[in-house]
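Novice: Take a look at the following structure, please.
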Amino acid sequence: MLKRLRARLPRRSVVYARARALISRHPLPPGDLVRLDVVEKQDRTFLLRRATEVGPIFKALAWGDLWVCVVGLERGRRLLREHGAALRPVTLQLEPLFPKGFLRQMQGEDHRRYRKALLRAIRGEDLAANRRGLDTIAADALARYAATPRADEDAAADFIRTLNAAASGMLVQIFFGSQFGTPAFDRVMAGYQRLGPYGLVWQPGPAQHAAFAEIRDFLLAEFAGAAPPPGAEASILGHLVREGALDATLLGNLIYMVEMGRYDTYSLFRWLAKYAADFPALLEAIAREDASAAPPAGRRSLAEAFVIEALRTDQSERLTRVALRDIVFDGLLIPRHATVRVCLWEPHHAAAVFPDPFRFDPARWTGEKDPGADEFAPFGLDAHQCPFGDLAIGLAVIFLRALARAWVPVATGEGLPVKGLYHWEPASRFGVKLRPRGPMA
């Protein structure tokens with residue numbers, strides 16, 4: 001009874017907003033306090049329609065708290081530029097695990113210093129240097145999945161585990177240099193299995209603390225010798241060690257960037273597999289592409305265009321911040337404690353920029369001119385923009401080519417997309433059968 005009563009009571013953000021609205025010279029954003037966490041699960045286009053009905057900045061409720069939604073990339077970029085210091089990114093609280101916590105929540109000089117060191121260590125040539133190993137990881141995971149008999153009703157869960165293994169292994173190699181098939185690779189992968197055996201744990205507990213320490217201590221021991229371990233010369237951790245930039249904060253960030261990144265990456269792989277099953281002719285065209293040949297200047301391969309279109313249609317969704325103080329933006333009051341949602345999925349479905357926006361069409365990205373930064377921003381808008389955007393696309397292309405080269409995926413479960421714990425996902429029943437691709441003329 002007490003729990004049900006508390007659930008009905010307004011949260012601090014709602015009480016504060018109502019009080020400030022009574023005395024502020026600026027109105028709260030328009031819109032009824034609909035339960036966004038409920039209605040969005042039922043209608044993925046709800047925010048698009050609400051922005052048309054009441055304006056591009058509007059309020060709602062989610063999980064009992066006040067949310068303010070901002071639709072429009074230019075508008076969102078301006079909000080973050082003008083009021084970024086008053087908007088704290090919503091992310092894991094990792095200070096108990098390592099000093100200063102997650103980079104995406106740092107501010108000021110700490111953020112500038114650590115982000116600069118990380119950007120120096122992310123090198124495009126590392127993807128090429130690791131390409132064979134990364135391809136092997138993806139191909140091995142898919143072959144193991146194809147060789148395992150299973151009932152159709154088990155395909156969805158087994159396929160998620162397969163994609164998780166592929167994504168985790170690819171990230172472990174490119175971040176830490178651990179080579180597939182070596183004891184070091186197996187040791188780090190086992191640590192991540194203990195860190196999040198069923199997905200990302202938003203509130204790390206004793207099990208996560210122990211697994212984190214195990215991964216950290218092993219990596220420190222690996223790089224403690226006079227000579228770096230094999231593969232380190234083309235890894236992010238290896239560059240940081242060689243430059244003398246590594247400390248407990250950066251190492252902790254790398255470990256948890258892989259932990260968060262493997263969920264995001266296998267989620268993207270799942271969308272790629274879904275569209276590969278939906279559009280077998282496109283997948284066959286990707287299989288026919290010469291992966292070693294660079295596309296003409298200013299153009300993309302079909303495989304890269306396929307990945308970017310999946311980012312647009314499904315994977316890039318939102319940025320979330322919490323207001324640390326009252327903000328007045330475009331004449332509207334965004335009160336302290338409110339959660340601010342800067343929408344990405346909605347402007348990525350603007351018909352004026354992307355004709356027939358709900359149609360999956362990689363050809364949008366094979367021309368000479370891309371949409372501008374205020375029209376397409378799959379990796380964020382401000383100083384906290386994900387620094388791994390190019391790497392994420394590169395890993396996805398490698399996975400997609402491994403799939404296209406050897407297999408024809410056939411969906412075993414259909415249905416509408418569902419709102420998962422962190423992302424929109426293909427239907428819960430979606431899995432695949434992998435049929436070997438025959439010789440191509």
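Just so we're on the same page: first chain in the structure tokens is A, next is B, and so on; residues restart at 1 for each chain, and ligands are numbered from 1 in the order they show up.
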Might you pull out every residue within 10 Å of Thr339 (chain A), with only C-alpha atoms counted and same-chain residues fewer than 2 positions away left off, and present them as a compact mmCIF listing (two decimals) with N, CA and C atoms, in the first residue's frame?
Specialist:
# COMPACT_ATOMS: atom_id res chain seq x y z
N SER A 13 10.94 16.91 -9.05
CA SER A 13 11.01 17.76 -10.23
C SER A 13 9.64 18.35 -10.58
N LYS A 59 6.65 19.68 -22.54
CA LYS A 59 6.88 18.92 -21.31
C LYS A 59 6.07 17.64 -21.32
N ALA A 60 6.50 16.71 -20.47
CA ALA A 60 5.81 15.43 -20.29
C ALA A 60 6.30 14.84 -18.98
N LEU A 61 5.76 13.71 -18.62
CA LEU A 61 6.24 12.95 -17.47
C LEU A 61 6.90 11.67 -17.96
N ALA A 62 7.87 11.19 -17.21
CA ALA A 62 8.44 9.87 -17.46
C ALA A 62 8.95 9.34 -16.12
N ASP A 65 8.86 11.70 -13.15
CA ASP A 65 9.62 12.96 -13.16
C ASP A 65 9.19 13.83 -14.34
N LEU A 66 9.48 15.11 -14.21
CA LEU A 66 9.21 16.05 -15.30
C LEU A 66 10.29 15.92 -16.36
N TRP A 67 9.86 15.79 -17.60
CA TRP A 67 10.77 15.76 -18.74
C TRP A 67 10.43 16.92 -19.66
N VAL A 68 11.47 17.53 -20.25
CA VAL A 68 11.29 18.55 -21.27
C VAL A 68 11.95 18.03 -22.54
N CYS A 69 11.17 17.91 -23.60
CA CYS A 69 11.65 17.38 -24.88
C CYS A 69 11.96 18.52 -25.83
N LEU A 87 23.52 21.60 -17.50
CA LEU A 87 22.86 20.36 -17.91
C LEU A 87 23.83 19.19 -17.73
N ARG A 88 23.56 18.36 -16.74
CA ARG A 88 24.45 17.23 -16.45
C ARG A 88 24.02 16.02 -17.25
N PRO A 89 24.93 15.41 -18.03
CA PRO A 89 24.56 14.20 -18.77
C PRO A 89 24.10 13.08 -17.84
N VAL A 90 23.09 12.37 -18.28
CA VAL A 90 22.58 11.23 -17.52
C VAL A 90 23.38 10.00 -17.94
N THR A 320 20.18 12.74 -23.12
CA THR A 320 19.44 13.10 -21.90
C THR A 320 20.36 13.84 -20.94
N ARG A 321 19.81 14.90 -20.38
CA ARG A 321 20.51 15.73 -19.41
C ARG A 321 19.57 16.03 -18.25
N VAL A 322 20.13 16.39 -17.10
CA VAL A 322 19.35 16.85 -15.95
C VAL A 322 19.71 18.30 -15.69
N ALA A 323 18.69 19.15 -15.55
CA ALA A 323 18.92 20.58 -15.30
C ALA A 323 19.38 20.78 -13.86
N LEU A 324 20.55 21.38 -13.70
CA LEU A 324 21.10 21.64 -12.37
C LEU A 324 20.59 22.94 -11.78
N ILE A 334 12.84 26.00 -18.24
CA ILE A 334 13.19 24.60 -17.98
C ILE A 334 13.66 24.55 -16.54
N PRO A 335 12.83 24.03 -15.63
CA PRO A 335 13.14 24.16 -14.20
C PRO A 335 14.21 23.18 -13.74
N ARG A 336 14.86 23.57 -12.68
CA ARG A 336 15.85 22.69 -12.04
C ARG A 336 15.22 21.33 -11.72
N HIS A 337 16.00 20.29 -11.81
CA HIS A 337 15.62 18.90 -11.58
C HIS A 337 14.95 18.24 -12.79
N ARG A 341 15.37 16.01 -22.65
CA ARG A 341 15.60 15.03 -23.73
C ARG A 341 15.78 15.79 -25.03
N VAL A 342 17.00 15.77 -25.56
CA VAL A 342 17.27 16.35 -26.87
C VAL A 342 17.07 15.22 -27.88
Novice: Which parts of region 208-384 of chain A does DSSP call helix (DSSP H, G or I) when run on the backbone here, written out as a PyMOL selection string?
Specialist: chain A and resi 208-222+232-234+236-242+248-278+280-288+302-315+347-349+362-365
Novice: For the residues selected in the previous step, produce a file with C-alpha atoms as a short mmCIF file (atom, residue, chain, number, x, y, z; two decimals), in the first residue's frame.
Specialist:
data_model
loop_
_atom_site.label_atom_id
_atom_site.label_comp_id
_atom_site.auth_asym_id
_atom_site.auth_seq_id
_atom_site.Cartn_x
_atom_site.Cartn_y
_atom_site.Cartn_z
CA GLN A 208 30.51 -5.38 -10.96
CA HIS A 209 33.14 -3.91 -8.60
CA ALA A 210 34.88 -7.29 -8.44
CA ALA A 211 34.72 -7.87 -12.20
CA PHE A 212 35.96 -4.34 -12.93
CA ALA A 213 38.94 -4.82 -10.59
CA GLU A 214 39.74 -8.13 -12.28
CA ILE A 215 39.79 -6.59 -15.77
CA ARG A 216 41.74 -3.51 -14.56
CA ASP A 217 44.40 -5.50 -12.72
CA PHE A 218 44.90 -7.91 -15.62
CA LEU A 219 45.33 -5.08 -18.13
CA LEU A 220 47.78 -3.27 -15.85
CA ALA A 221 49.81 -6.46 -15.50
CA GLU A 222 49.75 -7.02 -19.26
CA ALA A 232 49.18 -3.27 -28.26
CA GLU A 233 50.76 -1.13 -30.97
CA ALA A 234 47.39 -0.80 -32.74
CA ILE A 236 43.72 2.61 -27.83
CA LEU A 237 45.20 1.42 -24.54
CA GLY A 238 48.55 0.83 -26.20
CA HIS A 239 48.70 4.41 -27.51
CA LEU A 240 47.83 5.83 -24.09
CA VAL A 241 50.53 3.76 -22.39
CA ARG A 242 53.13 4.66 -25.00
CA ALA A 248 43.33 5.25 -13.22
CA THR A 249 40.65 7.56 -14.62
CA LEU A 250 41.45 6.88 -18.27
CA LEU A 251 41.80 3.13 -17.74
CA GLY A 252 38.49 3.03 -15.88
CA ASN A 253 36.85 4.98 -18.68
CA LEU A 254 38.21 2.60 -21.32
CA ILE A 255 36.90 -0.44 -19.44
CA TYR A 256 33.44 1.04 -19.08
CA MET A 257 33.38 2.47 -22.59
CA VAL A 258 33.74 -1.10 -23.79
CA GLU A 259 31.04 -2.22 -21.34
CA MET A 260 28.56 0.40 -22.60
CA GLY A 261 29.81 0.13 -26.17
CA ARG A 262 29.28 -3.59 -26.50
CA TYR A 263 25.58 -3.16 -25.75
CA ASP A 264 25.25 -0.31 -28.26
CA THR A 265 27.30 -2.20 -30.84
CA TYR A 266 25.44 -5.49 -30.71
CA SER A 267 22.17 -3.53 -30.79
CA LEU A 268 23.33 -1.92 -34.05
CA PHE A 269 24.42 -5.33 -35.37
CA ARG A 270 20.92 -6.63 -34.64
CA TRP A 271 19.34 -3.85 -36.73
CA LEU A 272 21.80 -4.59 -39.52
CA ALA A 273 20.79 -8.25 -39.48
CA LYS A 274 17.11 -7.27 -39.48
CA TYR A 275 17.50 -5.11 -42.59
CA ALA A 276 19.79 -7.68 -44.20
CA ALA A 277 16.98 -10.23 -43.84
CA ASP A 278 14.43 -7.71 -45.12
CA PRO A 280 18.44 -9.72 -49.39
CA ALA A 281 19.25 -8.08 -52.74
CA LEU A 282 21.07 -5.27 -50.93
CA LEU A 283 23.01 -7.79 -48.86
CA GLU A 284 24.00 -9.67 -52.00
CA ALA A 285 25.20 -6.40 -53.55
CA ILE A 286 27.32 -5.82 -50.44
CA ALA A 287 28.73 -9.34 -50.78
CA ARG A 288 29.77 -8.48 -54.34
CA LEU A 302 27.12 0.36 -50.08
CA ALA A 303 28.12 -1.40 -46.85
CA GLU A 304 28.91 1.91 -45.13
CA ALA A 305 25.74 3.51 -46.50
CA PHE A 306 23.73 0.55 -45.16
CA VAL A 307 25.21 1.08 -41.68
CA ILE A 308 24.59 4.84 -41.68
CA GLU A 309 20.99 4.36 -42.79
CA ALA A 310 20.45 1.94 -39.89
CA LEU A 311 21.84 4.60 -37.54
CA ARG A 312 19.36 7.09 -38.98
CA THR A 313 16.31 4.88 -38.97
CA ASP A 314 16.73 3.18 -35.62
CA GLN A 315 19.89 3.39 -33.55
CA PRO A 347 14.73 15.08 -36.71
CA HIS A 348 16.30 12.08 -38.45
CA HIS A 349 12.77 11.38 -39.69
CA PRO A 362 20.92 3.22 -48.06
CA ALA A 363 20.98 5.05 -51.41
CA ARG A 364 20.48 8.26 -49.41
CA TRP A 365 24.13 8.01 -48.44
#
Novice: With distances taken over only C-alpha atoms, which residue among A:Arg435, A:Arg11, A:Arg104, A:His83 lies nearest Val340 (chain A)?
Specialist: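 Between A:Arg435, A:Arg11, A:Arg104, A:His83, the residue approaching Val340 (chain A) most closely is A:His83.
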Novice: Between A:Glu317, A:Ala338, A:Asp330, A:Glu346, single out the one closest to His26 (chain A), counting only C-alpha atoms.
Specialist: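 Result for the nearest residue to His26 (chain A): A:Asp330.
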Novice: Quick one: of A:Leu395, A:Leu79, A:Ala377, A:Ala117, who's nearest to Val172 (chain A), counting only C-alpha atoms?
Specialist: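 Ranking A:Leu395, A:Leu79, A:Ala377, A:Ala117 by distance to Val172 (chain A), first place goes to A:Leu395.
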